file entry17.tsv (TSV, C-alpha atoms)
chain	number	residue	atom	x	y	z
A	223	MET	CA	-15.64	10.29	3.40
A	224	VAL	CA	-12.45	8.49	4.37
A	225	HIS	CA	-12.68	4.74	5.02
A	226	ARG	CA	-12.68	3.54	8.63
A	227	ASN	CA	-9.94	0.93	7.98
A	228	PRO	CA	-8.32	2.30	4.83
A	229	THR	CA	-5.67	0.70	2.68
A	230	GLN	CA	-3.29	2.05	0.11
A	231	LEU	CA	-1.08	0.84	-2.67
A	232	ALA	CA	2.22	-0.67	-1.64
A	233	ARG	CA	3.85	2.03	-3.79
A	234	GLY	CA	3.65	4.45	-0.86
A	235	PRO	CA	5.59	2.30	1.60
A	236	LEU	CA	8.04	1.34	-1.15
A	237	LEU	CA	8.81	4.99	-1.90
A	238	LEU	CA	9.23	5.86	1.78
A	239	LEU	CA	11.42	2.79	2.35
A	240	ALA	CA	13.64	3.73	-0.60
A	241	TYR	CA	14.03	7.24	0.79
A	242	ALA	CA	14.86	5.91	4.26
A	243	GLU	CA	17.34	3.34	2.94
A	244	GLU	CA	19.16	6.04	0.95
A	245	ARG	CA	19.66	7.76	4.30
A	246	GLY	CA	21.16	4.65	5.88
A	247	MET	CA	18.12	3.28	7.66
A	248	ASP	CA	17.70	-0.50	8.05
A	249	ARG	CA	14.85	-1.76	5.84
A	250	ARG	CA	14.20	-4.87	7.97
A	251	ALA	CA	13.92	-2.80	11.15
A	252	LEU	CA	11.48	-0.44	9.45
A	253	LEU	CA	9.37	-3.33	8.18
A	254	ARG	CA	9.28	-4.87	11.66
A	255	ALA	CA	8.23	-1.54	13.18
A	256	SER	CA	5.47	-1.08	10.60
A	257	GLY	CA	4.20	-4.66	10.53
A	258	ILE	CA	4.52	-4.74	6.73
A	259	SER	CA	5.97	-7.92	5.23
A	260	ASP	CA	8.61	-7.73	2.53
A	261	ALA	CA	6.62	-10.36	0.61
A	262	LYS	CA	3.58	-8.04	0.51
A	263	LEU	CA	5.73	-5.29	-1.03
A	264	ARG	CA	6.83	-7.42	-3.99
A	265	ASP	CA	3.71	-6.24	-5.81
A	266	PRO	CA	3.60	-2.40	-5.90
A	267	ASP	CA	-0.15	-2.63	-6.53
A	268	ALA	CA	-0.84	-4.73	-3.42
A	269	ARG	CA	-2.97	-3.11	-0.71
A	270	ILE	CA	-1.35	-2.17	2.62
A	271	ALA	CA	-3.26	-1.04	5.71
A	272	THR	CA	-2.95	2.69	6.28
A	273	ARG	CA	-2.27	2.02	9.98
A	274	SER	CA	0.86	0.10	8.85
A	275	MET	CA	1.91	3.05	6.69
A	276	THR	CA	1.40	5.34	9.69
A	277	ARG	CA	3.71	3.11	11.76
A	278	LEU	CA	6.29	3.19	8.95
A	279	TRP	CA	6.16	6.99	8.84
A	280	GLN	CA	6.56	7.09	12.63
A	281	ALA	CA	9.61	4.82	12.53
A	282	VAL	CA	11.27	6.98	9.86
A	283	ILE	CA	10.37	10.18	11.72
A	284	ASP	CA	11.83	8.81	14.96
A	285	GLU	CA	15.13	7.77	13.43
A	286	LEU	CA	15.79	10.62	11.00
A	287	ALA	CA	14.61	13.45	13.26
A	288	ASP	CA	14.24	15.65	10.15
A	289	PRO	CA	11.74	18.47	10.79
A	290	PHE	CA	11.24	18.76	7.02
A	291	LEU	CA	10.93	15.03	6.32
A	292	GLY	CA	7.66	15.33	4.40
A	293	LEU	CA	9.06	17.94	2.05
A	294	HIS	CA	12.35	16.12	1.59
A	295	ALA	CA	10.80	12.70	0.94
A	296	ALA	CA	8.24	14.06	-1.56
A	297	ARG	CA	10.95	15.83	-3.54
A	298	THR	CA	12.36	12.43	-4.56
A	299	VAL	CA	9.10	11.17	-6.11
A	300	ASN	CA	8.29	11.44	-9.82
A	301	ILE	CA	4.73	11.35	-11.06
A	302	GLU	CA	5.42	8.11	-12.93
A	303	GLN	CA	6.02	6.37	-9.59
A	304	LEU	CA	2.32	6.85	-8.78
A	305	GLY	CA	1.39	4.06	-11.18
A	306	LEU	CA	-1.94	4.26	-12.98
A	307	VAL	CA	-2.90	7.53	-11.27
A	308	GLY	CA	0.36	9.17	-12.35
A	309	TYR	CA	-0.11	7.78	-15.86
A	310	THR	CA	-3.60	9.29	-16.17
A	311	MET	CA	-2.31	12.61	-14.87
A	312	ARG	CA	0.66	12.59	-17.26
A	313	HIS	CA	-1.67	11.99	-20.21
A	314	SER	CA	-4.19	14.69	-19.37
A	315	ALA	CA	-4.89	17.52	-21.79
A	316	ASN	CA	-3.95	20.18	-19.21
A	317	LEU	CA	-3.14	20.71	-15.54
A	318	GLY	CA	-6.79	21.19	-14.59
A	319	GLU	CA	-7.72	17.83	-16.07
A	320	ALA	CA	-4.72	16.21	-14.37
A	321	ILE	CA	-5.79	17.52	-10.95
A	322	GLU	CA	-9.37	16.42	-11.61
A	323	ARG	CA	-8.10	12.93	-12.41
A	324	LEU	CA	-6.03	12.88	-9.23
A	325	ALA	CA	-9.12	13.81	-7.23
A	326	ARG	CA	-11.18	11.14	-9.02
A	327	TYR	CA	-8.66	8.30	-8.72
A	328	GLN	CA	-6.91	9.16	-5.44
A	329	ARG	CA	-8.64	6.28	-3.65
A	330	LEU	CA	-6.58	3.91	-5.79
A	331	LEU	CA	-3.43	5.33	-4.19
A	332	SER	CA	-4.89	5.62	-0.70
A	333	GLU	CA	-8.34	5.17	0.77
A	334	GLY	CA	-7.09	7.24	3.73
A	335	VAL	CA	-7.01	10.45	1.69
A	336	ARG	CA	-9.77	12.21	-0.24
A	337	TYR	CA	-9.11	15.22	-2.48
A	338	GLN	CA	-11.81	17.75	-3.18
A	339	LEU	CA	-11.34	20.07	-6.13
A	340	THR	CA	-13.14	23.37	-6.68
A	341	ARG	CA	-12.52	25.54	-9.74
A	342	HIS	CA	-12.45	29.32	-9.42
A	343	GLY	CA	-11.97	30.48	-13.00
A	344	GLU	CA	-8.40	29.57	-13.91
A	345	GLU	CA	-7.51	28.71	-10.32
A	346	PHE	CA	-8.17	25.52	-8.38
A	347	GLU	CA	-8.81	25.07	-4.72
A	348	VAL	CA	-7.60	21.67	-3.63
A	349	SER	CA	-8.53	20.47	-0.18
A	350	TRP	CA	-8.40	17.04	1.30
A	351	THR	CA	-9.54	14.88	4.12
A	352	THR	CA	-6.95	12.61	5.70
A	353	HIS	CA	-7.33	9.60	7.95
A	354	PRO	CA	-6.74	10.71	11.57
A	355	SER	CA	-3.71	8.42	11.99
A	356	LEU	CA	-1.93	10.18	9.11
A	357	LEU	CA	-3.17	13.61	10.15
A	358	SER	CA	-1.56	13.13	13.56
A	359	LEU	CA	1.88	13.17	11.90
A	360	ARG	CA	3.34	16.24	10.22
A	361	ALA	CA	5.47	14.42	7.62
A	362	PRO	CA	2.80	12.54	5.59
A	363	VAL	CA	0.53	15.59	5.44
A	364	GLU	CA	3.35	17.80	4.21
A	365	ALA	CA	4.58	15.10	1.83
A	366	GLY	CA	1.11	15.00	0.24
A	367	MET	CA	1.06	18.76	-0.30
A	368	THR	CA	4.61	18.81	-1.64
A	369	LEU	CA	3.88	15.91	-3.98
A	370	LEU	CA	0.82	17.69	-5.36
A	371	VAL	CA	2.73	20.91	-6.07
A	372	ARG	CA	5.74	19.06	-7.49
A	373	SER	CA	3.48	16.95	-9.73
A	374	ALA	CA	1.97	20.14	-11.15
A	375	ARG	CA	5.49	21.38	-11.87
A	376	GLN	CA	6.48	18.09	-13.51
A	377	LEU	CA	3.37	18.10	-15.67
A	378	THR	CA	3.70	21.69	-16.88
A	379	GLY	CA	7.45	22.26	-16.84
A	380	VAL	CA	6.67	25.53	-15.03
A	381	GLU	CA	7.73	26.50	-11.50
A	382	ILE	CA	4.14	26.69	-10.25
A	383	HIS	CA	3.49	28.05	-6.76
A	384	PRO	CA	0.25	27.82	-4.82
A	385	VAL	CA	-1.67	31.05	-4.30
A	386	ARG	CA	-2.11	30.13	-0.63
A	387	LEU	CA	-1.32	27.10	1.48
A	388	GLU	CA	-3.17	26.05	4.62
A	389	LEU	CA	-1.77	23.19	6.67
A	390	PRO	CA	-3.41	21.62	9.73
A	391	THR	CA	-0.04	21.13	11.41
A	392	PRO	CA	1.30	23.64	13.95
A	393	GLN	CA	3.75	26.23	12.69
A	394	PRO	CA	7.34	25.06	13.19
A	395	ASP	CA	10.02	27.37	14.52
A	396	ASP	CA	11.78	27.39	11.15
A	397	VAL	CA	9.59	27.92	8.06
A	398	SER	CA	12.42	28.62	5.60
A	399	GLU	CA	12.09	25.32	3.73
A	400	TYR	CA	8.35	25.87	3.32
A	401	ARG	CA	8.96	29.35	1.93
A	402	ASN	CA	11.57	27.99	-0.48
A	403	GLU	CA	9.33	25.14	-1.63
A	404	PHE	CA	5.98	26.89	-1.92
A	405	ALA	CA	6.76	30.64	-2.15
A	406	CYS	CA	3.27	31.65	-1.11
A	407	PRO	CA	1.39	32.84	1.97
A	408	MET	CA	1.00	29.97	4.45
A	409	LEU	CA	-1.32	29.36	7.34
A	410	PHE	CA	-0.31	26.69	9.84
A	411	GLY	CA	-2.77	25.22	12.31
A	412	ALA	CA	-5.66	25.51	9.85
A	413	GLU	CA	-8.85	23.71	10.79
A	414	THR	CA	-9.48	20.41	9.03
call {"tool": "encode", "arguments": {"input": "entry17.tsv", "output": "structure tokens"}}
result
Amino acid sequence: MVHRNPTQLARGPLLLLAYAEERGMDRRALLRASGISDAKLRDPDARIATRSMTRLWQAVIDELADPFLGLHAARTVNIEQLGLVGYTMRHSANLGEAIERLARYQRLLSEGVRYQLTRHGEEFEVSWTTHPSLLSLRAPVEAGMTLLVRSARQLTGVEIHPVRLELPTPQPDDVSEYRNEFACPMLFGAET
């Protein structure tokens, strides 16, 4: 169950702000639009309201007009930037244990997202529940999926591809970047 008024670590907004600033966006304008104070972001482990993160995503989406924003932003994140959760994943015995730890400790990163993990032999089915405010935007949903796949690649050193990917977002006109990133069958508009 996802919290009614969830929060998340300030690491999320900090990573998105860094990405936006590298693309020439004004940090102060983004903070004003999101309602997040710069002082609150001085501690990467501070808690930020998910509704503020949603407003930050919306401001970046509006200005960049990048249909692949979620994929592009997630590609810049390393597992170490996830703090304690990334550390526990990095020091897992294998990928399965790392994904189990992500599912167990995800609420530290964001109370607005819940991962569910089901093992099928050597394969894992990872599904998640997302706060409706985040689910309403394509970019954060796709960033989460990209970050999960890229983390698996960082942990193993292998170009891992999902067996199948189901996204709740509508299928865009151009799916080339998704094919390049995930190289697997994809279903858009999947039920949540």
call {"tool": "residues_around", "arguments": {"input": "entry17.tsv", "residues": "Arg401 in chain A", "least_positions_apart": "6", "cutoff": "12 Å", "atoms": "only C-alpha atoms", "output": "VMD selection string"}}
result
chain A and resid 290 293 368 383 to 384 386 to 387 407 to 409
call {"tool": "closest_residue", "arguments": {"input": "entry17.tsv", "among": "A:Arg233, A:Glu244, A:Arg336, A:Arg277", "to": "Lys262 in chain A", "atoms": "only C-alpha atoms"}}
result
A:Arg233
call {"tool": "residues_around", "arguments": {"input": "entry17.tsv", "residues": "range 320-328 of chain A", "least_positions_apart": "6", "cutoff": "10 Å", "atoms": "only C-alpha atoms", "output": "list in words"}}
result
Gln230, Leu306, Val307, Gly308, Tyr309, Thr310, Met311, Arg312, His313, Ser314, Gly334, Val335, Arg336, Tyr337, Gln338, Leu339, Thr340, Arg341, Phe346, Val348, Ser349, Trp350, Leu370, Ser373, Ala374 and Leu377 of chain A
call {"tool": "atom_distance", "arguments": {"input": "entry17.tsv", "atom1": "CA of Leu238 in chain A", "atom2": "CA of Phe404 in chain A"}}
result
21.6 Å
call {"tool": "residues_around", "arguments": {"input": "entry17.tsv", "residues": "Gly411 in chain A", "least_positions_apart": "5", "cutoff": "12 Å", "atoms": "all atoms listed in the file", "output": "number ranges by chain"}}
result
A: 357, 360, 387-394
call {"tool": "closest_residue", "arguments": {"input": "entry17.tsv", "among": "A:Ile270, A:Leu236, A:Met275, A:Leu331", "to": "Ala255 in chain A", "atoms": "only C-alpha atoms"}}
result
A:Met275
